[in-house]
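Step one of this worksheet: look at the structure below.
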Protein chains: 2
Amino acid sequence: MALIVQKFGGTSVGSIDRMRNVARRALAAQRAGHRVVLVVSAMSGETNRLLALAHEVAKVPDAREMDAIATTGEQVSAALVAMAIQAEGGKARSLLGHQVKVHTDDAFTKARIKSIESAKIFETVARGEIAVVAGFQGIDAHGNVTTLGRGGSDTSAVAVAAAIGADECEIYTDVDGVYTTDPNICPSARKIDRISYEEMLELASLGAKVLQIRSVEIAMKYNVPIHVRSSFNDQPGTIVTKEDSTLEGVVVSGIAYDKGEARVHVVGVEDRPGVAAELFEKIAEKNISVDMIVQSATTEADRRAAITFTLAKTDLARAKSWIETIAKGVGAHEVRYDEDVVKVSIVGFGMRSHAGIAAKMFRTLANEGINIQAIATSEIRVSCLVAAKYTELAVRALHDAFGLQHA
Amino acid sequence: MALIVQKFGGTSVGSIDRMRNVARRALAAQRAGHRVVLVVSAMSGETNRLLALAHEVAKVPDAREMDAIATTGEQVSAALVAMAIQAEGGKARSLLGHQVKVHTDDAFTKARIKSIESAKIFETVARGEIAVVAGFQGIDAHGNVTTLGRGGSDTSAVAVAAAIGADECEIYTDVDGVYTTDPNICPSARKIDRISYEEMLELASLGAKVLQIRSVEIAMKYNVPIHVRSSFNDQPGTIVTKEDSTLEGVVVSGIAYDKGEARVHVVGVEDRPGVAAELFEKIAEKNISVDMIVQSATTEADRRAAITFTLAKTDLARAKSWIETIAKGVGAHEVRYDEDVVKVSIVGFGMRSHAGIAAKMFRTLANEGINIQAIATSEIRVSCLVAAKYTELAVRALHDAFGLQHA
């Protein structure tokens with residue numbers, strides 16, 4: 001008899017009919033002998049409706065009051081799902097953030113979970129009831145209602161699973177699972193059966209938005225297996241778990257791409273120790289994160305270097321004037337920007353123990369005539385910045401080169 | 001510097017614009033030097049919307065889950081009103097049932113308040129903030145969310161006022177105050193400036209539905225003055241308070257009428273001790289409340305009596321067959337029903353010390369040719385059951401006879 005957490009997002013509880021499906025699925029798991037805890041989001045559209053109401057009252061509504069309003073969305077869906085289970089002949093009860101209790105810090109609208117009490121949930125499932133936990137919400141040390149920020153129900157679900165020591169946390173969504181790459185641009189993309197937390201983190205942060213990054217971090221920390229699967233069928237999805245022997249044979253697990261970054265090219269920087277440090281310290285002071293950084297070789301003629309880096313496109317407009325001032329301060333001749341770039345990454349645990357993976361990536365891109373503008377690597381990832389027009393070509397070529405179309 | 005509770009019903013917070021009015025009114029009281037606590041209902045229509053959603057899921061939704069859903073209405077309006085106060089430049093924070101805390105029993109959908117903690121409210125007003133308490137809601141001993149039943153926000157407001165020792169509880173509504181009788185049928189009806197709790201209870205239970213009965217009971221128990229007034233203007237309304245010297249001169253305070261009762265006439269009952277007891281004990285066993293009871297004199301001829309009583313029209317259909325069975329058991333010949341009746345009452349503290357008030361009522365009705373079918377009295381009330389067609393005539397005649405058109 002396993003203890004299972006099932007999380008249903010806004011689309012999965014978007015109508016009374018869909019709630020009935022959720023109820024039937026939870027009851028099926030219970031009849032199979034499991035103790036079942038649900039974590040639910042607000043009905044799709046509801047959170048936006050509530051926020052619009054708040055914005056009608058105030059242009060910049062108070063964050064504490066925003067959270068008091070926003071949490072009603074999950075409160076309603078948790079109670080309705082509990083009713084739907086009862087209507088199907090089952091036993092259930094809704095549990096709100098202040099009932100569970102989900103303790104968070106007091107950063108309203110983007111609070112972080114500090115701890116979750118397990119007693120109420122255990123009492124509930126011990127009575128044979130399905131516990132329906134309202135996702136996305138918690139309380140701070142003073143009993144104020146808080147929310148975890150957009151997508152926070154994934155985080156709620158995994159944190160609840162960790163707190164009660166669940167055997168698995170199932171995340172029901174509108175896709176079948178995690179794919180080797182975006183199926184919209186690569187028809188041979190294949191659903192991944194198992195993937196490690198670390199790889200999932202690299203894929204998520206690189207743009208494969210199936211799971212909230214924070215939920216994967218928590219799952220990794222507390223070793224909670226996540227099962228990402230479709231709420232519209234009974235097929236197994238993708239298990240996100242710790243690295244294990246079944247994953248060893250795989251060198252590259254997936255290909256990600258991210259069009260969210262812009263390239264900044266600072267030309268003619270003085271070539272003296274500390275210049276790069278000065279540049280990036282000053283950018284960091286402006287609270288702007290840079291990602292890939294490349295410093296080109298100095299030309300002998302003028303002892304000047306070039307520095308290339310990327311930052312989020314959404315930060316570029318406000319950053320431009322600062323960057324130009326800072327660049328002048330280190331003697332740069334010119335600053336150039338390029339927003340037509342894409343970061344293509346290969347991710348895989350296997351590359352730690354396999355030599356030549358990066359080289360194979362560079363060769364694959366070169367064979368397609370794709371010029372690499374910058375390179376960044378982590379232990380389990382290699383990323384190349386290329387012109388945006390090559391996105392599909394690069395992804396398909398790499399997917400093919402690393403044999404991802406085959407299980 | 002007074003401590004004031006202001007309660008706003010669903011109509012008064014029915015739109016964002018109206019919430020701004022509520023905010024301005026509360027801020028005006030605060031600027032006048034008072035500490036202000038608001039108690040708010042759900043936006044009008046919202047509770048019905050939520051209940052309809054619940055009924056879509058289940059014909060008879062679970063009461064606990066109903067309360068979890070219904071309380072979101074007040075949660076949203078409390079937070080929006082707090083935001084509206086902030087938007088006007090003031091300081092405010094919403095307080096939910098589990099934050100205040102409003103402790104109730106666990107009778108979901110119709111819970112009764114056991115106690116209210118004052119600390120959170122005092123902390124809030126001590127910071128110069130207006131506390132905006134979500135009405136209608138509380139928590140039971142296990143932290144389950146409860147509601148006080150329809151109209152429960154009046155009760156919340158008075159109970160909060162009692163708990164914090166407020167100087168006054170203002171109930172804002174869509175009427176100017178309490179009237180000497182229904183202005184719709186008696187054009188000379190006049191707003192009452194001051195009335196005692198006891199009179200208000202008699203008027204409320206007799207059909208003048210301005211205030212929830214329970215809220216008046218609590219106000220009386222804890223001696224909280226209630227000020228019933230309009231949310232659409234600044235005129236003083238009606239103060240409901242303990243009997244005091246300013247009330248002494250008034251003999252009759254108001255005329256109430258109630259068309260909600262039906263008359264049952266049981267003819268030819270055996271005239272032996274215990275027959276009436278037997279009849280009404282059996283009716284009580286069916287959980288049906290009877291109101292006026294009259295036993296007519298026995299006729300010498302057959303030593304049989306007639307018993308007349310009234311009960312709620314809504315109970316009549318289900319009660320008929322039982323009543324007939326029970327009536328036969330005490331030897332009755334026949335049972336007759338009459339739904340075309342009205343109970344007209346005069347209410348006033350003064351009648352305790354003034355003789356002849358009842359006689360004056362009977363004479364007034366007789367002068368109009370109105371036959372009295374039954375009479376019931378309490379210490380501060382005399383009620384007469386008459387044919388429904390005389391409602392307006394009786395009310396106007398009594399209003400005039402007791403001089404209620406004059407202050």
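Identifiers in this document derive from the order of the structure tokens: chains are assigned A, B, ..., residues are numbered from 1 separately in each chain, and ligands are numbered from 1 in order of occurrence.
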
Nearby residues (only C-alpha atoms) at most 6 Å from stretch 288-297 of chain B, same-chain spacing under 6 positions excluded, as JSON, numbers by chain: {"B": [305, 306, 307, 308, 309, 310, 311, 376]}

Restricting it to N, CA and C atoms, dump the selection as a PDB file, in the first residue's frame.
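Generated file (out.pdb):
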```
ATOM      1  N   ALA B 305     -64.558  20.548  23.440  1.00  0.00           N
ATOM      2  CA  ALA B 305     -63.916  21.859  23.301  1.00  0.00           C
ATOM      3  C   ALA B 305     -63.327  22.011  21.898  1.00  0.00           C
ATOM      4  N   ALA B 306     -62.919  23.228  21.557  1.00  0.00           N
ATOM      5  CA  ALA B 306     -62.201  23.455  20.302  1.00  0.00           C
ATOM      6  C   ALA B 306     -60.830  24.051  20.648  1.00  0.00           C
ATOM      7  N   ILE B 307     -59.815  23.614  19.933  1.00  0.00           N
ATOM      8  CA  ILE B 307     -58.473  24.157  20.157  1.00  0.00           C
ATOM      9  C   ILE B 307     -57.992  24.788  18.852  1.00  0.00           C
ATOM     10  N   THR B 308     -57.513  26.021  18.947  1.00  0.00           N
ATOM     11  CA  THR B 308     -56.981  26.725  17.778  1.00  0.00           C
ATOM     12  C   THR B 308     -55.506  27.013  18.029  1.00  0.00           C
ATOM     13  N   PHE B 309     -54.679  26.788  17.037  1.00  0.00           N
ATOM     14  CA  PHE B 309     -53.270  27.187  17.171  1.00  0.00           C
ATOM     15  C   PHE B 309     -52.739  27.589  15.802  1.00  0.00           C
ATOM     16  N   THR B 310     -51.573  28.210  15.809  1.00  0.00           N
ATOM     17  CA  THR B 310     -50.956  28.588  14.536  1.00  0.00           C
ATOM     18  C   THR B 310     -49.590  27.924  14.428  1.00  0.00           C
ATOM     19  N   LEU B 311     -49.184  27.690  13.172  1.00  0.00           N
ATOM     20  CA  LEU B 311     -47.835  27.187  12.903  1.00  0.00           C
ATOM     21  C   LEU B 311     -47.367  27.819  11.602  1.00  0.00           C
ATOM     22  N   ALA B 376     -52.453  36.478  21.610  1.00  0.00           N
ATOM     23  CA  ALA B 376     -51.309  36.001  22.392  1.00  0.00           C
ATOM     24  C   ALA B 376     -50.586  37.222  22.939  1.00  0.00           C
TER      25      ALA B 376
END
```

Check: which chain A residues lie within 10 Å of chain B using only C-alpha atoms, as a ChimeraX atom specification: /A:16-17,19-20,50,53-88,92-96,98-100,120,142-145

Just N, CA and C atoms for this one: save the residues we selected as a short mmCIF file (atom, residue, chain, number, x, y, z; two decimals), in the first residue's frame.
```
data_model
loop_
_atom_site.label_atom_id
_atom_site.label_comp_id
_atom_site.auth_asym_id
_atom_site.auth_seq_id
_atom_site.Cartn_x
_atom_site.Cartn_y
_atom_site.Cartn_z
N ILE A 16 -16.56 21.37 -13.95
CA ILE A 16 -17.12 20.37 -13.03
C ILE A 16 -16.90 18.97 -13.60
N ASP A 17 -17.06 18.81 -14.91
CA ASP A 17 -16.84 17.51 -15.53
C ASP A 17 -15.41 17.02 -15.33
N MET A 19 -13.45 17.90 -12.96
CA MET A 19 -13.28 17.56 -11.55
C MET A 19 -13.78 16.14 -11.26
N ARG A 20 -14.85 15.76 -11.95
CA ARG A 20 -15.35 14.38 -11.78
C ARG A 20 -14.29 13.37 -12.24
N LEU A 50 -9.63 36.84 -10.43
CA LEU A 50 -9.47 37.44 -9.10
C LEU A 50 -8.46 38.58 -9.13
N LEU A 53 -9.93 41.70 -10.59
CA LEU A 53 -10.77 42.38 -9.60
C LEU A 53 -9.91 43.27 -8.70
N ALA A 54 -8.78 42.71 -8.26
CA ALA A 54 -7.88 43.46 -7.39
C ALA A 54 -7.32 44.68 -8.12
N HIS A 55 -6.98 44.49 -9.40
CA HIS A 55 -6.40 45.61 -10.16
C HIS A 55 -7.44 46.68 -10.47
N GLU A 56 -8.72 46.31 -10.38
CA GLU A 56 -9.76 47.31 -10.54
C GLU A 56 -9.77 48.27 -9.34
N VAL A 57 -9.39 47.73 -8.18
CA VAL A 57 -9.40 48.55 -6.96
C VAL A 57 -8.14 49.40 -6.86
N ALA A 58 -6.99 48.81 -7.19
CA ALA A 58 -5.72 49.52 -7.02
C ALA A 58 -4.77 49.12 -8.14
N LYS A 59 -4.05 50.10 -8.65
CA LYS A 59 -3.09 49.81 -9.73
C LYS A 59 -2.03 48.86 -9.24
N VAL A 60 -1.51 49.12 -8.04
CA VAL A 60 -0.50 48.24 -7.44
C VAL A 60 -1.10 47.72 -6.13
N PRO A 61 -1.90 46.67 -6.21
CA PRO A 61 -2.58 46.20 -5.00
C PRO A 61 -1.58 45.68 -3.97
N ASP A 62 -1.93 45.85 -2.72
CA ASP A 62 -1.13 45.38 -1.60
C ASP A 62 -0.90 43.87 -1.73
N ALA A 63 0.36 43.44 -1.58
CA ALA A 63 0.70 42.04 -1.81
C ALA A 63 -0.01 41.10 -0.83
N ARG A 64 -0.10 41.53 0.44
CA ARG A 64 -0.78 40.68 1.43
C ARG A 64 -2.23 40.45 1.04
N GLU A 65 -2.92 41.51 0.62
CA GLU A 65 -4.33 41.38 0.27
C GLU A 65 -4.51 40.61 -1.05
N MET A 66 -3.54 40.78 -1.97
CA MET A 66 -3.56 40.01 -3.21
C MET A 66 -3.59 38.52 -2.88
N ASP A 67 -2.75 38.12 -1.93
CA ASP A 67 -2.68 36.71 -1.58
C ASP A 67 -3.97 36.24 -0.92
N ALA A 68 -4.58 37.11 -0.10
CA ALA A 68 -5.85 36.74 0.53
C ALA A 68 -6.90 36.47 -0.54
N ILE A 69 -6.86 37.26 -1.60
CA ILE A 69 -7.83 37.07 -2.68
C ILE A 69 -7.48 35.87 -3.54
N ALA A 70 -6.21 35.80 -3.96
CA ALA A 70 -5.81 34.76 -4.91
C ALA A 70 -6.03 33.35 -4.36
N THR A 71 -5.80 33.16 -3.05
CA THR A 71 -5.92 31.82 -2.48
C THR A 71 -7.34 31.27 -2.50
N THR A 72 -8.34 32.16 -2.70
CA THR A 72 -9.71 31.64 -2.73
C THR A 72 -9.92 30.73 -3.93
N GLY A 73 -9.13 30.93 -5.00
CA GLY A 73 -9.28 30.08 -6.19
C GLY A 73 -9.03 28.61 -5.86
N GLU A 74 -7.94 28.33 -5.17
CA GLU A 74 -7.62 26.95 -4.80
C GLU A 74 -8.55 26.44 -3.70
N GLN A 75 -9.00 27.37 -2.84
CA GLN A 75 -9.93 26.97 -1.77
C GLN A 75 -11.21 26.41 -2.38
N VAL A 76 -11.73 27.12 -3.38
CA VAL A 76 -12.96 26.67 -4.04
C VAL A 76 -12.72 25.35 -4.77
N SER A 77 -11.62 25.23 -5.52
CA SER A 77 -11.46 23.99 -6.29
C SER A 77 -11.19 22.79 -5.37
N ALA A 78 -10.47 23.01 -4.27
CA ALA A 78 -10.24 21.90 -3.34
C ALA A 78 -11.56 21.40 -2.76
N ALA A 79 -12.43 22.33 -2.37
CA ALA A 79 -13.72 21.92 -1.79
C ALA A 79 -14.60 21.25 -2.85
N LEU A 80 -14.59 21.79 -4.07
CA LEU A 80 -15.41 21.19 -5.13
C LEU A 80 -14.92 19.79 -5.48
N VAL A 81 -13.60 19.60 -5.53
CA VAL A 81 -13.06 18.27 -5.84
C VAL A 81 -13.41 17.29 -4.71
N ALA A 82 -13.34 17.77 -3.47
CA ALA A 82 -13.75 16.90 -2.35
C ALA A 82 -15.21 16.49 -2.51
N MET A 83 -16.06 17.45 -2.88
CA MET A 83 -17.48 17.14 -3.12
C MET A 83 -17.65 16.16 -4.27
N ALA A 84 -16.84 16.34 -5.32
CA ALA A 84 -16.95 15.46 -6.49
C ALA A 84 -16.60 14.02 -6.10
N ILE A 85 -15.60 13.87 -5.22
CA ILE A 85 -15.24 12.53 -4.75
C ILE A 85 -16.40 11.93 -3.94
N GLN A 86 -17.00 12.76 -3.09
CA GLN A 86 -18.15 12.30 -2.30
C GLN A 86 -19.31 11.92 -3.22
N ALA A 87 -19.50 12.70 -4.28
CA ALA A 87 -20.60 12.42 -5.21
C ALA A 87 -20.38 11.09 -5.93
N GLU A 88 -19.11 10.68 -6.03
CA GLU A 88 -18.78 9.38 -6.65
C GLU A 88 -18.82 8.26 -5.62
N ALA A 92 -13.82 12.20 1.31
CA ALA A 92 -12.77 13.18 1.04
C ALA A 92 -12.98 14.40 1.91
N ARG A 93 -11.92 15.15 2.11
CA ARG A 93 -12.07 16.46 2.73
C ARG A 93 -10.99 17.40 2.23
N SER A 94 -11.38 18.65 2.06
CA SER A 94 -10.43 19.65 1.59
C SER A 94 -9.58 20.12 2.76
N LEU A 95 -8.33 20.46 2.49
CA LEU A 95 -7.44 21.01 3.51
C LEU A 95 -6.77 22.26 2.94
N LEU A 96 -6.95 23.37 3.62
CA LEU A 96 -6.38 24.64 3.17
C LEU A 96 -4.98 24.82 3.77
N HIS A 98 -3.83 26.93 5.84
CA HIS A 98 -3.78 27.16 7.28
C HIS A 98 -4.27 25.96 8.07
N GLN A 99 -4.82 24.97 7.37
CA GLN A 99 -5.27 23.77 8.05
C GLN A 99 -4.19 22.70 8.03
N VAL A 100 -3.47 22.61 6.90
CA VAL A 100 -2.47 21.53 6.75
C VAL A 100 -1.39 21.53 7.85
N LYS A 120 -2.22 16.51 10.02
CA LYS A 120 -3.59 16.64 9.51
C LYS A 120 -3.81 15.73 8.30
N HIS A 142 2.84 34.61 11.29
CA HIS A 142 1.77 35.34 11.98
C HIS A 142 0.38 34.92 11.53
N GLY A 143 0.32 33.84 10.73
CA GLY A 143 -0.99 33.37 10.28
C GLY A 143 -1.52 34.13 9.07
N ASN A 144 -0.70 35.01 8.49
CA ASN A 144 -1.10 35.67 7.25
C ASN A 144 -1.10 34.66 6.11
N VAL A 145 -2.05 34.81 5.19
CA VAL A 145 -2.14 33.91 4.05
C VAL A 145 -1.10 34.32 3.01
#
```

Residues of stretch 140-270 of chain B in strand (DSSP E), written as a ChimeraX atom specification: /B:145-147,168-173,194-196,226-230,238-241,254-258,261-270

Shell around A:Gly350 at 7 Å using only C-alpha atoms, local window under 3 positions removed, as a list in words: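 Residues meeting the cut-off are Glu248, Val250, Val251, Val252, Ser353 and His354 of chain A.
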
Residues of stretch 109-327 of chain B in helix (DSSP H, G or I), written as a PyMOL selection string: chain B and resi 119-126+152-164+197-205+213-222+245-247+275-285+313-327

Requested write-out: C-alpha atoms of the selected residues, as a compact mmCIF listing (two decimals), in the first residue's frame:
```txt
# COMPACT_ATOMS: atom_id res chain seq x y z
CA ALA B 119 -5.74 40.33 20.26
CA LYS B 120 -5.34 40.40 16.45
CA ILE B 121 -7.93 43.15 16.05
CA PHE B 122 -6.37 45.26 18.81
CA GLU B 123 -2.87 44.81 17.31
CA THR B 124 -4.22 45.95 13.97
CA VAL B 125 -6.02 49.09 15.13
CA ALA B 126 -3.09 49.92 17.45
CA GLY B 152 -24.62 35.81 9.71
CA SER B 153 -22.52 38.90 9.06
CA ASP B 154 -24.77 40.92 11.41
CA THR B 155 -24.02 38.34 14.06
CA SER B 156 -20.29 38.49 13.29
CA ALA B 157 -20.31 42.25 13.62
CA VAL B 158 -22.11 42.36 16.96
CA ALA B 159 -20.03 39.48 18.35
CA VAL B 160 -16.81 41.22 17.28
CA ALA B 161 -18.07 44.44 18.89
CA ALA B 162 -18.81 42.53 22.10
CA ALA B 163 -15.41 40.79 22.06
CA ILE B 164 -13.43 44.01 21.70
CA TYR B 197 -33.15 45.25 22.52
CA GLU B 198 -36.25 43.50 23.80
CA GLU B 199 -38.59 45.50 21.56
CA MET B 200 -36.28 44.96 18.59
CA LEU B 201 -36.38 41.21 19.22
CA GLU B 202 -40.18 41.24 19.26
CA LEU B 203 -40.28 43.33 16.10
CA ALA B 204 -37.66 41.21 14.33
CA SER B 205 -39.27 37.90 15.16
CA ILE B 213 -32.43 38.08 15.60
CA ARG B 214 -29.26 36.41 16.83
CA SER B 215 -27.26 39.59 16.49
CA VAL B 216 -29.77 41.44 18.69
CA GLU B 217 -29.63 38.65 21.29
CA ILE B 218 -25.85 38.94 21.42
CA ALA B 219 -25.99 42.74 21.56
CA MET B 220 -28.41 42.50 24.49
CA LYS B 221 -26.33 39.91 26.31
CA TYR B 222 -23.13 41.98 26.05
CA SER B 245 -34.95 56.69 30.68
CA THR B 246 -35.28 58.23 27.23
CA LEU B 247 -37.50 55.32 26.22
CA VAL B 275 -55.89 16.64 26.24
CA ALA B 276 -54.12 19.83 25.18
CA ALA B 277 -50.84 18.51 26.58
CA GLU B 278 -51.25 15.26 24.63
CA LEU B 279 -51.97 17.13 21.41
CA PHE B 280 -49.05 19.55 21.61
CA GLU B 281 -46.54 17.04 22.93
CA LYS B 282 -47.18 14.88 19.88
CA ILE B 283 -46.87 17.85 17.54
CA ALA B 284 -43.62 18.87 19.23
CA GLU B 285 -42.28 15.34 18.71
CA LYS B 313 -47.17 27.98 6.67
CA THR B 314 -44.00 26.27 5.45
CA ASP B 315 -44.61 23.47 7.96
CA LEU B 316 -48.30 23.07 7.21
CA ALA B 317 -48.14 20.65 4.25
CA ARG B 318 -45.98 18.07 6.02
CA ALA B 319 -47.86 18.54 9.30
CA LYS B 320 -51.41 18.05 8.04
CA SER B 321 -51.61 14.25 8.07
CA TRP B 322 -49.92 14.00 11.48
CA ILE B 323 -52.18 16.63 12.95
CA GLU B 324 -55.25 14.77 11.74
CA THR B 325 -54.05 11.48 13.20
CA ILE B 326 -53.14 13.13 16.49
CA ALA B 327 -56.46 15.04 16.57
```

Please provide the set of residues having any atom within 9 Å of stretch 336-344 of chain A, restricted to only C-alpha atoms, with same-chain residues fewer than 3 positions apart removed, written as an mmCIF file with N, CA and C atoms, in the first residue's frame.
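See out03.cif below for the written result:
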```cif
data_model
loop_
_atom_site.group_PDB
_atom_site.id
_atom_site.type_symbol
_atom_site.label_atom_id
_atom_site.label_comp_id
_atom_site.auth_asym_id
_atom_site.auth_seq_id
_atom_site.Cartn_x
_atom_site.Cartn_y
_atom_site.Cartn_z
ATOM 1 N N LEU A 206 16.279 25.570 -19.132
ATOM 2 C CA LEU A 206 16.594 25.908 -20.516
ATOM 3 C C LEU A 206 15.341 26.048 -21.359
ATOM 4 N N ILE A 255 17.423 17.635 -25.757
ATOM 5 C CA ILE A 255 17.935 18.831 -26.419
ATOM 6 C C ILE A 255 16.992 19.985 -26.073
ATOM 7 N N ALA A 256 17.522 21.024 -25.459
ATOM 8 C CA ALA A 256 16.683 22.173 -25.108
ATOM 9 C C ALA A 256 17.101 23.385 -25.927
ATOM 10 N N TYR A 257 16.167 24.327 -26.044
ATOM 11 C CA TYR A 257 16.553 25.582 -26.695
ATOM 12 C C TYR A 257 15.851 26.719 -25.982
ATOM 13 N N ASP A 258 16.445 27.874 -26.024
ATOM 14 C CA ASP A 258 15.931 29.021 -25.280
ATOM 15 C C ASP A 258 16.156 30.284 -26.110
ATOM 16 N N LYS A 259 15.043 30.895 -26.517
ATOM 17 C CA LYS A 259 15.141 32.115 -27.325
ATOM 18 C C LYS A 259 15.031 33.369 -26.461
ATOM 19 N N GLY A 260 15.090 33.176 -25.158
ATOM 20 C CA GLY A 260 14.850 34.294 -24.248
ATOM 21 C C GLY A 260 16.055 35.175 -23.981
ATOM 22 N N GLU A 261 17.216 34.849 -24.563
ATOM 23 C CA GLU A 261 18.408 35.634 -24.249
ATOM 24 C C GLU A 261 18.860 36.505 -25.425
ATOM 25 N N ALA A 262 19.513 37.594 -25.088
ATOM 26 C CA ALA A 262 20.084 38.481 -26.104
ATOM 27 C C ALA A 262 21.607 38.481 -25.906
ATOM 28 N N ARG A 263 22.336 38.691 -26.998
ATOM 29 C CA ARG A 263 23.796 38.701 -26.932
ATOM 30 C C ARG A 263 24.297 40.147 -26.874
ATOM 31 N N VAL A 264 25.245 40.399 -25.993
ATOM 32 C CA VAL A 264 25.869 41.719 -25.907
ATOM 33 C C VAL A 264 27.352 41.528 -26.246
ATOM 34 N N HIS A 265 27.869 42.347 -27.157
ATOM 35 C CA HIS A 265 29.239 42.186 -27.631
ATOM 36 C C HIS A 265 29.970 43.497 -27.350
ATOM 37 N N VAL A 266 30.914 43.443 -26.410
ATOM 38 C CA VAL A 266 31.649 44.649 -26.017
ATOM 39 C C VAL A 266 33.027 44.579 -26.682
ATOM 40 N N VAL A 267 33.304 45.548 -27.570
ATOM 41 C CA VAL A 267 34.491 45.487 -28.425
ATOM 42 C C VAL A 267 35.560 46.468 -27.939
ATOM 43 N N LYS A 313 16.337 38.810 -22.567
ATOM 44 C CA LYS A 313 15.833 39.863 -23.456
ATOM 45 C C LYS A 313 14.990 40.871 -22.678
ATOM 46 N N GLN A 373 28.407 31.176 -31.707
ATOM 47 C CA GLN A 373 28.803 32.515 -31.249
ATOM 48 C C GLN A 373 29.331 32.505 -29.825
ATOM 49 N N ALA A 374 28.914 31.530 -29.054
ATOM 50 C CA ALA A 374 29.403 31.411 -27.678
ATOM 51 C C ALA A 374 29.121 29.999 -27.201
ATOM 52 N N VAL A 382 25.960 21.077 -22.336
ATOM 53 C CA VAL A 382 26.761 21.931 -23.216
ATOM 54 C C VAL A 382 25.786 22.808 -23.978
ATOM 55 N N SER A 383 26.000 24.123 -23.934
ATOM 56 C CA SER A 383 25.103 25.060 -24.627
ATOM 57 C C SER A 383 25.889 25.844 -25.666
ATOM 58 N N CYS A 384 25.276 26.034 -26.831
ATOM 59 C CA CYS A 384 25.882 26.851 -27.880
ATOM 60 C C CYS A 384 24.925 27.959 -28.282
ATOM 61 N N LEU A 385 25.430 29.162 -28.394
ATOM 62 C CA LEU A 385 24.628 30.279 -28.876
ATOM 63 C C LEU A 385 24.804 30.364 -30.383
ATOM 64 N N VAL A 386 23.687 30.317 -31.112
ATOM 65 C CA VAL A 386 23.742 30.387 -32.576
ATOM 66 C C VAL A 386 22.668 31.366 -33.059
ATOM 67 N N ALA A 387 22.688 31.702 -34.327
ATOM 68 C CA ALA A 387 21.665 32.604 -34.877
ATOM 69 C C ALA A 387 20.294 31.937 -34.772
ATOM 70 N N ALA A 388 19.278 32.733 -34.432
ATOM 71 C CA ALA A 388 17.947 32.193 -34.153
ATOM 72 C C ALA A 388 17.363 31.437 -35.340
ATOM 73 N N LYS A 389 17.746 31.864 -36.560
ATOM 74 C CA LYS A 389 17.169 31.213 -37.741
ATOM 75 C C LYS A 389 17.551 29.739 -37.834
ATOM 76 N N TYR A 390 18.588 29.328 -37.100
ATOM 77 C CA TYR A 390 19.025 27.930 -37.152
ATOM 78 C C TYR A 390 18.352 27.057 -36.090
ATOM 79 N N THR A 391 17.426 27.607 -35.330
ATOM 80 C CA THR A 391 16.852 26.871 -34.201
ATOM 81 C C THR A 391 16.421 25.453 -34.586
ATOM 82 N N ALA A 394 19.267 23.171 -35.942
ATOM 83 C CA ALA A 394 20.218 22.752 -34.918
ATOM 84 C C ALA A 394 19.596 21.681 -34.019
ATOM 85 N N VAL A 395 18.359 21.920 -33.578
ATOM 86 C CA VAL A 395 17.709 20.969 -32.669
ATOM 87 C C VAL A 395 17.556 19.614 -33.350
#
```

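Going from atom CA of B:Cys186 to atom CA of B:Lys242 covers 27.3 Å.
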